[in-house]
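J.: Got a structure for you, written out below as structure tokens; questions coming shortly.
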Amino acid sequence: MTNEPLSFPRRYARTQRFTSGAPRAFTVSPDGSRVVFLRSPSGTERANHLWVLDVPDGGERVVADPAALLGGAAEHLSPEERARRERSREGGAGIVGYATDAAAELACFTLSGRLFTAELRAGTTRELPVPGPVIDPRPSPDGTLVAYVSGGALRVVGAEGEGDRALAEPEPATDPGTVSYGLAEFIAAEEMGRSRGYWWSPEGDRLLVARVDDTPVQRWWISDPAHPETDPQRVAYPVAGSANAEVRLFVFGLDGVRTEVSWDRSRYPYLAHAHWSAAGAPLLLVQARDQRSQLFLAVDPDSGATRMVHADEDPTWLDLFPGVPCWSPGGQLVRIADEGGARVLAFGERPLTGAQLHVRAVLDVSADDVLVSASAGEGASSPETGEVHVYRVNELGLERVSQEPGVHSAVRAGGVTVLVSSVLDQPGTQVQVLREGKKAATISSYAEDPGLSPRVTLTQGGAQKIPCAVLMPTDYDGGSPLPVLLDPYGGPHGPRVLAAHNAHLTSQWFADQGFAVIVADGRGTPGRSPAWEKAIRDDLTLSLDDQVEALHGLAERFPLDLSRVAIRGWSYGGWLAGLAVLRRPDVFHAGIAGAPVTDWRLYDTHYTERYLGDPATDPAVYAKSSLVTDEGLASPAETHRPLMIVHGLADDNVVVAHALRLSSALLAAGRPHEVLPLSGVTHMTPQEQVAENLLLLQVDFLKRSLGMN
């Protein structure tokens with residue numbers, strides 16, 4: 001009896017896309033002596049452990065093992081925790097998140113809704129006996145208390161487990177489940193990048209707490225047709241043009257006395273970001289509903305009054321960025337702004353960078369400099385296609401911290417920088433611990449080697465110089481032109497043309513099935529310039545125009561068979577694949593639309609209205625960018641092309657109604673198509689067998705549709 005090696009699709013699914021075993025979620029202690037992080041013990045184990053690297057000797061040690069803490073019992077997640085993980089696209093298990101006190105001496109985390117703390121120096125862990133299920137625990141800066149959310153209430157308990165009490169809880173008159181304290185609402189977690197709903201004061205004597213009331217939000221029902229005996233799940237979904245949750249903000253003292261924070265919530269209803277540090281007053285970023293104006297507000301925690309620190313306006317929209325706004329140690333406002341056609345780092349009222357950099361995030365702010373991640377801007381001497389680097393920036397200039405071409409990020413404190421790097425010629429990520437710029441240690445990765453090396457060329461395509469990745473079969477010898485598979489995301493928030501090995505594994509696997517695979521980041525994708533990203537306002541179909549332009553431009557340099565062109569994608573990419581088959585059958589001969597948004601009126605407020613406005617006042621804009629309208633297919637071309645629609649029935653982000661309405665419209669128009677419903681699957685596809693077979697079925701469909709069998 002022989003053991004057959006596992007296929008790439010099965011290994012890809014089993015290893016969580018080869019991320020299991022890779023270290024992540026780093027925290028550096030302010031004295032630079034410890035790096036805290038998460039990592040599962042092998043490349044096939046999903047359950048993360050909590051680890052500490054002792055920087056002086058480079059030794060790694062486990063602080064918390066979820067199997068030991070749960071006594072070998074399986075994890076049980078509350079619906080609220082499942083929703084939080086869905087919003088963050090978290091596919092791991094065990095300890096998936098943690099928080100530390102200011103000194104990184106005490107960490108806290110949840111397992112199966114239970115609250116645990118860990119002494120990071122001693123390596124000891126204890127469970128605190130508190131009401132559950134527990135969500136998002138965070139120690140006070142001095143480590144003497146732990147705040148957490150349970151049952152919609154924000155609670156506080158001593159770090160030794162004493163004195164547990166509710167600090168803020170839903171009012172008795174409210175309907176159960178409609179009001180919560182200390183949690184981010186759906187739209188903040190899904191679209192704004194704000195995953196939390198409370199913040200400790202630097203002194204640990206007060207908390208800034210969000211109160212969310214989703215009573216105004218319309219209710220949808222997510223059912224599981226494979227299990228008709230179970231009740232549908234009732235979810236509050238703020239669809240475009242409809243009411244959002246009401247978000248208010250309070251300062252709570254530890255004695256329960258609360259003071260409401262006041263600002264013009266009718267004009268600026270979105271609480272996009274909050275920051276509270278020793279460098280200044282609590283700092284808020286609030287946005288208008290149309291996202292064309294926003295205010296940076298400083299809060300007086302005693303009275304709740306706010307004063308404007310800065311205001312931004314943009315005729316198209318204002319983006320949100322990781323790490324900002326915040327105060328510098330000297331009390332200067334640090335933000336990222338679009339000025340002079342460039343995305344710059346602003347310090348106070350002064351831009352510190354120009355058109356040479358496209359700033360993506362602020363990673364750390366010290367008294368000497370600001371650490372940022374950035375890609376090459378329009379003014380750079382080289383486009384550095386697919387690269388993202390770490391820079392130190394101050395008033396004297398900038399210095400690149402990462403040197404090797406690739407995708408880099410960093411965490412920094414106490415003179416120690418954890419540099420996380422992904423490059424094209426090595427699988428996975430490499431983690432270096434730098435002290436004063438010199439390597440002091442490395443953090444090991446247990447991730448499996450994919451056994452697949454992308455044969456990728458990073459280039460530009462078409463007159464617009466669209467960033468592209470072109471992948472050829474591993475054994476291709478330059479013979480006949482190949483059938484083409486476009487494999488884009490192609491829209492906001494999702495760059496896929498990256499100078500990183502693992503970013504191209506699935507595309508390479510498709511290439512090895514006999515395709516030339518093209519990944520193109522057209523207008524709307526981030527990383528190039530504000531104008532590039534904002535070109536799609538009121539017309540998302542420009543994303544399709546750019547896929548066509550990239551394809552035809554690359555065909556002048558690569559052996560592409562333009563008589564056999566297919567496209568596949570998921571989410572925005574799934575919408576793009578459906579649009580390609582329906583609107584440009586002269587170019588595309590088959591498509592796979594995975595979890596596609598087919599009617600933009602059915603997607604959420606903050607995302608959709610940013611790009612398309614209000615569906616009540618701009619119905620034609622929505623119709624142009626949708627695949628279906630109330631009348632059926634929107635602007636379809638006459639030629640019919642094969643289309644496979646794939647959708648998870650449990651998806652609460654892009655609900656399955658999108659796929660069903662598209663299928664109904666196709667059927668009414670007499671257009672043959674295939675529908676693949678995924679029972680129990682959300683917007684992610686973490687299930688091993690589902691993820692594997694989904695890839696295999698897509699290849700079979702593409703080969704049948706393009707006559708490759």
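Residues are referred to by chain and number: the chain letter is A, B, ... according to the order shown in the structure tokens, the number counts from 1 in that chain, and ligands are numbered separately from 1 in the order shown.
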Could you build a table of the residues in stretch 28-91 of chain A lying no more than 9 Å from stretch 646-662 of chain A, giving for each the nearest pair of atoms and their separation in Å rounded to one decimal place, using only C-alpha atoms, ordered by chain and ascending residue number, as a tab-separated table?

T.:
residue	atom	partner	partner_atom	distance
A:Ala83	CA	A:Asp652	CA	8.9
A:Glu86	CA	A:Asn653	CA	8.7
A:Arg87	CA	A:Asn653	CA	8.4

J.: Could the residues in this selection be saved with N, CA and C atoms as an mmCIF file, in the first residue's frame?

T.:
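Below is the file that was written, part.cif:
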data_model
loop_
_atom_site.group_PDB
_atom_site.id
_atom_site.type_symbol
_atom_site.label_atom_id
_atom_site.label_comp_id
_atom_site.auth_asym_id
_atom_site.auth_seq_id
_atom_site.Cartn_x
_atom_site.Cartn_y
_atom_site.Cartn_z
ATOM 1 N N ALA A 83 -18.915 36.030 14.187
ATOM 2 C CA ALA A 83 -19.107 37.221 13.365
ATOM 3 C C ALA A 83 -17.851 38.085 13.358
ATOM 4 N N GLU A 86 -15.366 36.525 11.080
ATOM 5 C CA GLU A 86 -15.756 36.698 9.676
ATOM 6 C C GLU A 86 -15.394 38.093 9.196
ATOM 7 N N ARG A 87 -15.635 39.101 10.022
ATOM 8 C CA ARG A 87 -15.316 40.478 9.626
ATOM 9 C C ARG A 87 -13.814 40.648 9.387
#

J.: Which residues, written as a ChimeraX atom specification, have at least one atom at most 8 Å from A:Leu271, with only C-alpha atoms counted and residues fewer than 3 positions away on the same chain left out?

T.: /A:188,247,268,274,284-287

J.: Mind the document's chain letters and residue numbers, and return as JSON, numbers by chain the residues of stretch 76-289 of chain A that DSSP labels helix (DSSP H, G or I).

T.: {"A": [79, 80, 81, 82, 83, 84, 85, 86, 87, 186, 187, 188, 189, 190, 191, 192]}

J.: Go ahead and save the picked residues with C-alpha atoms, as a PDB file, in the first residue's frame.

T.:
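Writing done, so here's part.pdb:
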ATOM      1  CA  PRO A  79     -22.222  33.653  17.290  1.00  0.00           C
ATOM      2  CA  GLU A  80     -20.716  37.035  18.206  1.00  0.00           C
ATOM      3  CA  GLU A  81     -17.177  35.641  18.065  1.00  0.00           C
ATOM      4  CA  ARG A  82     -17.876  33.916  14.753  1.00  0.00           C
ATOM      5  CA  ALA A  83     -19.107  37.221  13.365  1.00  0.00           C
ATOM      6  CA  ARG A  84     -15.967  39.025  14.583  1.00  0.00           C
ATOM      7  CA  ARG A  85     -13.764  36.446  12.873  1.00  0.00           C
ATOM      8  CA  GLU A  86     -15.756  36.698   9.676  1.00  0.00           C
ATOM      9  CA  ARG A  87     -15.316  40.478   9.626  1.00  0.00           C
ATOM     10  CA  PHE A 186     -20.826  45.703  11.381  1.00  0.00           C
ATOM     11  CA  ILE A 187     -19.958  48.588   9.080  1.00  0.00           C
ATOM     12  CA  ALA A 188     -16.931  49.682  11.138  1.00  0.00           C
ATOM     13  CA  ALA A 189     -15.470  46.179  11.334  1.00  0.00           C
ATOM     14  CA  GLU A 190     -16.247  45.234   7.715  1.00  0.00           C
ATOM     15  CA  GLU A 191     -15.361  48.471   5.918  1.00  0.00           C
ATOM     16  CA  MET A 192     -13.641  51.047   8.161  1.00  0.00           C
TER      17      MET A 192
END

J.: Nearest to A:Val35: which of A:Val388, A:Leu6, A:Val179, A:Val418 is it, counting only C-alpha atoms?

T.: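 Checking each of A:Val388, A:Leu6, A:Val179, A:Val418 against A:Val35, counting only C-alpha atoms, the winner is A:Val418.
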
J.: Rank A:Asn394, A:Thr27, A:Thr605, A:Thr125 by their smallest atom-to-atom distance to A:Tyr237, using only C-alpha atoms, and report the top residue only.

T.: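 Result for the nearest residue to A:Tyr237: A:Thr605.
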
J.: Skipping near chain neighbours, those fewer than 2 positions away, what residues fall within 9 Å of A:Thr100 using only C-alpha atoms, listed as a list of chain:residue names?

T.: A:Thr27, A:Tyr98, A:Ala102, A:Ala103, A:Ala104, A:Glu105, A:Leu106, A:Ala107, A:Cys108, A:Arg138, A:Pro139, A:Ser140, A:Pro141, A:Gly143

J.: So how far away is atom CA of A:Thr215 from atom CA of A:Thr174, in Å?

T.: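 Taking atom CA of A:Thr174 and atom CA of A:Thr215, their separation equals 9.0 Å.
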
J.: So which bits of stretch 236-368 of chain A end up strand (DSSP E) when you DSSP the backbone, as an mmCIF file with N, CA and C atoms, in the first residue's frame?

T.:
data_model
loop_
_atom_site.group_PDB
_atom_site.id
_atom_site.type_symbol
_atom_site.label_atom_id
_atom_site.label_comp_id
_atom_site.auth_asym_id
_atom_site.auth_seq_id
_atom_site.Cartn_x
_atom_site.Cartn_y
_atom_site.Cartn_z
ATOM 1 N N ALA A 236 -28.459 42.165 11.293
ATOM 2 C CA ALA A 236 -28.689 43.570 10.947
ATOM 3 C C ALA A 236 -27.726 43.941 9.831
ATOM 4 N N GLU A 246 -26.839 53.416 15.066
ATOM 5 C CA GLU A 246 -26.552 54.667 15.764
ATOM 6 C C GLU A 246 -25.370 54.439 16.707
ATOM 7 N N VAL A 247 -24.304 55.220 16.524
ATOM 8 C CA VAL A 247 -23.095 55.059 17.330
ATOM 9 C C VAL A 247 -22.876 56.317 18.160
ATOM 10 N N ARG A 248 -22.838 56.143 19.469
ATOM 11 C CA ARG A 248 -22.520 57.223 20.394
ATOM 12 C C ARG A 248 -21.266 56.834 21.168
ATOM 13 N N LEU A 249 -20.651 57.808 21.813
ATOM 14 C CA LEU A 249 -19.384 57.580 22.497
ATOM 15 C C LEU A 249 -19.462 58.187 23.890
ATOM 16 N N PHE A 250 -18.954 57.426 24.867
ATOM 17 C CA PHE A 250 -18.984 57.872 26.261
ATOM 18 C C PHE A 250 -17.606 57.681 26.891
ATOM 19 N N VAL A 251 -17.301 58.535 27.854
ATOM 20 C CA VAL A 251 -16.171 58.318 28.754
ATOM 21 C C VAL A 251 -16.741 57.740 30.041
ATOM 22 N N PHE A 252 -16.272 56.556 30.420
ATOM 23 C CA PHE A 252 -16.725 55.900 31.648
ATOM 24 C C PHE A 252 -15.603 55.916 32.678
ATOM 25 N N GLY A 253 -15.900 56.369 33.873
ATOM 26 C CA GLY A 253 -14.996 56.179 34.992
ATOM 27 C C GLY A 253 -15.160 54.779 35.545
ATOM 28 N N ARG A 258 -20.659 58.127 33.728
ATOM 29 C CA ARG A 258 -20.381 58.264 32.309
ATOM 30 C C ARG A 258 -20.649 59.683 31.834
ATOM 31 N N THR A 259 -19.853 60.100 30.849
ATOM 32 C CA THR A 259 -19.981 61.413 30.233
ATOM 33 C C THR A 259 -20.031 61.217 28.724
ATOM 34 N N GLU A 260 -21.079 61.712 28.096
ATOM 35 C CA GLU A 260 -21.186 61.507 26.650
ATOM 36 C C GLU A 260 -20.274 62.465 25.902
ATOM 37 N N TYR A 270 -20.273 58.706 11.040
ATOM 38 C CA TYR A 270 -19.332 57.583 11.072
ATOM 39 C C TYR A 270 -18.198 57.848 12.059
ATOM 40 N N LEU A 271 -18.069 57.001 13.080
ATOM 41 C CA LEU A 271 -16.903 57.021 13.968
ATOM 42 C C LEU A 271 -15.871 56.084 13.343
ATOM 43 N N ALA A 272 -14.928 56.666 12.625
ATOM 44 C CA ALA A 272 -13.993 55.862 11.843
ATOM 45 C C ALA A 272 -12.790 55.395 12.649
ATOM 46 N N HIS A 273 -12.353 56.193 13.615
ATOM 47 C CA HIS A 273 -11.122 55.848 14.336
ATOM 48 C C HIS A 273 -11.115 56.573 15.676
ATOM 49 N N ALA A 274 -10.495 55.960 16.681
ATOM 50 C CA ALA A 274 -10.276 56.592 17.980
ATOM 51 C C ALA A 274 -8.877 56.245 18.462
ATOM 52 N N HIS A 275 -8.278 57.163 19.186
ATOM 53 C CA HIS A 275 -6.898 57.007 19.665
ATOM 54 C C HIS A 275 -6.790 57.727 21.001
ATOM 55 N N LEU A 283 -8.491 61.238 20.713
ATOM 56 C CA LEU A 283 -8.539 61.768 19.358
ATOM 57 C C LEU A 283 -9.507 60.928 18.532
ATOM 58 N N LEU A 284 -10.432 61.586 17.858
ATOM 59 C CA LEU A 284 -11.427 60.905 17.036
ATOM 60 C C LEU A 284 -11.284 61.330 15.586
ATOM 61 N N LEU A 285 -11.631 60.412 14.680
ATOM 62 C CA LEU A 285 -11.830 60.737 13.275
ATOM 63 C C LEU A 285 -13.268 60.392 12.942
ATOM 64 N N VAL A 286 -14.050 61.395 12.570
ATOM 65 C CA VAL A 286 -15.455 61.183 12.232
ATOM 66 C C VAL A 286 -15.688 61.618 10.792
ATOM 67 N N GLN A 287 -16.539 60.872 10.089
ATOM 68 C CA GLN A 287 -16.775 61.118 8.672
ATOM 69 C C GLN A 287 -18.240 61.422 8.393
ATOM 70 N N SER A 293 -16.151 64.587 3.514
ATOM 71 C CA SER A 293 -15.617 65.485 4.544
ATOM 72 C C SER A 293 -15.446 64.701 5.833
ATOM 73 N N GLN A 294 -14.473 65.106 6.622
ATOM 74 C CA GLN A 294 -14.198 64.436 7.887
ATOM 75 C C GLN A 294 -13.525 65.409 8.839
ATOM 76 N N LEU A 295 -13.669 65.130 10.140
ATOM 77 C CA LEU A 295 -13.083 65.967 11.177
ATOM 78 C C LEU A 295 -12.185 65.137 12.075
ATOM 79 N N PHE A 296 -11.075 65.726 12.475
ATOM 80 C CA PHE A 296 -10.220 65.188 13.521
ATOM 81 C C PHE A 296 -10.549 65.970 14.789
ATOM 82 N N LEU A 297 -11.025 65.279 15.807
ATOM 83 C CA LEU A 297 -11.528 65.932 17.001
ATOM 84 C C LEU A 297 -10.750 65.506 18.240
ATOM 85 N N ALA A 298 -10.402 66.457 19.086
ATOM 86 C CA ALA A 298 -9.823 66.175 20.400
ATOM 87 C C ALA A 298 -10.938 66.247 21.432
ATOM 88 N N VAL A 299 -10.940 65.288 22.358
ATOM 89 C CA VAL A 299 -12.014 65.154 23.332
ATOM 90 C C VAL A 299 -11.535 65.622 24.708
ATOM 91 N N THR A 306 -15.800 68.421 22.413
ATOM 92 C CA THR A 306 -14.766 68.171 21.411
ATOM 93 C C THR A 306 -14.367 69.481 20.746
ATOM 94 N N ARG A 307 -13.129 69.525 20.304
ATOM 95 C CA ARG A 307 -12.653 70.658 19.517
ATOM 96 C C ARG A 307 -12.010 70.134 18.248
ATOM 97 N N MET A 308 -12.174 70.860 17.155
ATOM 98 C CA MET A 308 -11.636 70.431 15.876
ATOM 99 C C MET A 308 -10.132 70.684 15.820
ATOM 100 N N VAL A 309 -9.391 69.642 15.496
ATOM 101 C CA VAL A 309 -7.946 69.752 15.317
ATOM 102 C C VAL A 309 -7.607 69.958 13.847
ATOM 103 N N HIS A 310 -8.378 69.293 12.987
ATOM 104 C CA HIS A 310 -8.130 69.404 11.546
ATOM 105 C C HIS A 310 -9.395 68.960 10.814
ATOM 106 N N ALA A 311 -9.600 69.472 9.623
ATOM 107 C CA ALA A 311 -10.729 69.070 8.781
ATOM 108 C C ALA A 311 -10.216 68.755 7.383
ATOM 109 N N ASP A 312 -10.798 67.728 6.771
ATOM 110 C CA ASP A 312 -10.454 67.352 5.400
ATOM 111 C C ASP A 312 -11.703 67.348 4.543
ATOM 112 N N GLU A 313 -11.530 67.719 3.270
ATOM 113 C CA GLU A 313 -12.591 67.587 2.284
ATOM 114 C C GLU A 313 -11.998 67.072 0.987
ATOM 115 N N CYS A 326 -3.162 59.838 14.887
ATOM 116 C CA CYS A 326 -2.613 59.658 16.228
ATOM 117 C C CYS A 326 -1.793 60.891 16.578
ATOM 118 N N TRP A 327 -1.412 60.978 17.845
ATOM 119 C CA TRP A 327 -0.522 62.050 18.284
ATOM 120 C C TRP A 327 0.924 61.568 18.257
ATOM 121 N N LEU A 333 -0.315 66.248 15.430
ATOM 122 C CA LEU A 333 -1.245 65.350 14.758
ATOM 123 C C LEU A 333 -0.532 64.652 13.610
ATOM 124 N N VAL A 334 -0.595 63.325 13.599
ATOM 125 C CA VAL A 334 -0.008 62.534 12.517
ATOM 126 C C VAL A 334 -1.157 61.932 11.705
ATOM 127 N N ARG A 335 -1.117 62.124 10.393
ATOM 128 C CA ARG A 335 -2.179 61.626 9.536
ATOM 129 C C ARG A 335 -1.619 61.328 8.151
ATOM 130 N N ILE A 336 -2.412 60.681 7.337
ATOM 131 C CA ILE A 336 -2.093 60.443 5.931
ATOM 132 C C ILE A 336 -3.116 61.212 5.119
ATOM 133 N N ALA A 337 -2.650 61.943 4.104
ATOM 134 C CA ALA A 337 -3.538 62.821 3.352
ATOM 135 C C ALA A 337 -3.204 62.772 1.870
ATOM 136 N N ASP A 338 -4.199 63.158 1.049
ATOM 137 C CA ASP A 338 -3.993 63.310 -0.389
ATOM 138 C C ASP A 338 -3.764 64.788 -0.669
ATOM 139 N N GLU A 339 -2.532 65.113 -1.026
ATOM 140 C CA GLU A 339 -2.167 66.501 -1.291
ATOM 141 C C GLU A 339 -1.321 66.572 -2.551
ATOM 142 N N ALA A 342 -0.669 63.421 -4.556
ATOM 143 C CA ALA A 342 0.099 62.338 -3.939
ATOM 144 C C ALA A 342 -0.511 61.977 -2.596
ATOM 145 N N ARG A 343 -0.236 60.775 -2.149
ATOM 146 C CA ARG A 343 -0.656 60.339 -0.815
ATOM 147 C C ARG A 343 0.535 60.482 0.111
ATOM 148 N N VAL A 344 0.435 61.410 1.054
ATOM 149 C CA VAL A 344 1.602 61.829 1.815
ATOM 150 C C VAL A 344 1.390 61.604 3.307
ATOM 151 N N LEU A 345 2.494 61.587 4.026
ATOM 152 C CA LEU A 345 2.490 61.594 5.484
ATOM 153 C C LEU A 345 2.500 63.041 5.942
ATOM 154 N N ALA A 346 1.503 63.412 6.746
ATOM 155 C CA ALA A 346 1.426 64.775 7.262
ATOM 156 C C ALA A 346 1.719 64.763 8.751
ATOM 157 N N PHE A 347 2.556 65.690 9.170
ATOM 158 C CA PHE A 347 2.971 65.835 10.568
ATOM 159 C C PHE A 347 2.575 67.237 10.988
ATOM 160 N N ARG A 350 2.219 69.935 8.129
ATOM 161 C CA ARG A 350 3.273 69.848 7.111
ATOM 162 C C ARG A 350 3.343 68.458 6.517
ATOM 163 N N PRO A 351 3.363 68.338 5.188
ATOM 164 C CA PRO A 351 3.636 67.032 4.580
ATOM 165 C C PRO A 351 5.129 66.716 4.677
ATOM 166 N N LEU A 357 6.655 58.807 -2.890
ATOM 167 C CA LEU A 357 6.093 57.712 -2.102
ATOM 168 C C LEU A 357 4.574 57.768 -2.129
ATOM 169 N N HIS A 358 3.956 56.592 -2.095
ATOM 170 C CA HIS A 358 2.517 56.461 -1.906
ATOM 171 C C HIS A 358 2.346 55.805 -0.540
ATOM 172 N N VAL A 359 2.070 56.612 0.485
ATOM 173 C CA VAL A 359 2.044 56.127 1.870
ATOM 174 C C VAL A 359 0.787 55.304 2.090
ATOM 175 N N ARG A 360 0.957 54.123 2.705
ATOM 176 C CA ARG A 360 -0.165 53.203 2.917
ATOM 177 C C ARG A 360 -0.611 53.133 4.371
ATOM 178 N N ALA A 361 0.331 53.199 5.320
ATOM 179 C CA ALA A 361 -0.019 53.034 6.727
ATOM 180 C C ALA A 361 1.073 53.642 7.587
ATOM 181 N N VAL A 362 0.690 54.075 8.780
ATOM 182 C CA VAL A 362 1.657 54.471 9.804
ATOM 183 C C VAL A 362 1.829 53.297 10.754
ATOM 184 N N LEU A 363 3.074 52.871 10.939
ATOM 185 C CA LEU A 363 3.384 51.689 11.735
ATOM 186 C C LEU A 363 3.799 52.038 13.162
ATOM 187 N N ASP A 364 4.472 53.171 13.345
ATOM 188 C CA ASP A 364 4.901 53.595 14.682
ATOM 189 C C ASP A 364 5.313 55.058 14.609
ATOM 190 N N VAL A 365 5.137 55.753 15.726
ATOM 191 C CA VAL A 365 5.550 57.154 15.824
ATOM 192 C C VAL A 365 6.417 57.296 17.058
#

J.: Skip A:Thr44 itself and residues of its chain fewer than 2 positions away, then list as a list in words all residues within 12 Å of it, counting only C-alpha atoms.

T.: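 Using only C-alpha atoms, the neighbours found are Arg10, Arg11, Tyr12, Ala13, Arg14, Thr15, Gln16, Arg17, Phe18, Thr19, Ser20, Gly21, Ala22, Arg39, Ser40, Pro41, Ser42, Arg46, Ala47, Asn48, Gly92, Ala93, Tyr446, Ala447, Glu448, Asp449, Pro450 and Glu688 of chain A.
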
J.: Which residue gives the smallest distance to A:Gly680 among A:His227, A:His552, A:His640, A:Arg610, with only C-alpha atoms counted?

T.: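 Ranked by minimum distance to A:Gly680, first place goes to A:His227.
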
J.: Using only C-alpha atoms for the distances, tell me which of A:Thr429, A:Ser29, A:Thr629, A:Ser422 is nearest to A:Ser664.

T.: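 Of all the options, A:Thr629 lies closest to A:Ser664.
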
J.: Extract, using only C-alpha atoms, all DNA, RNA and protein residues at most 7 Å from A:Gly197, discarding same-chain residues fewer than 4 positions from it, and format them as a VMD selection string.

T.: chain A and resid 182 to 184 209 to 210
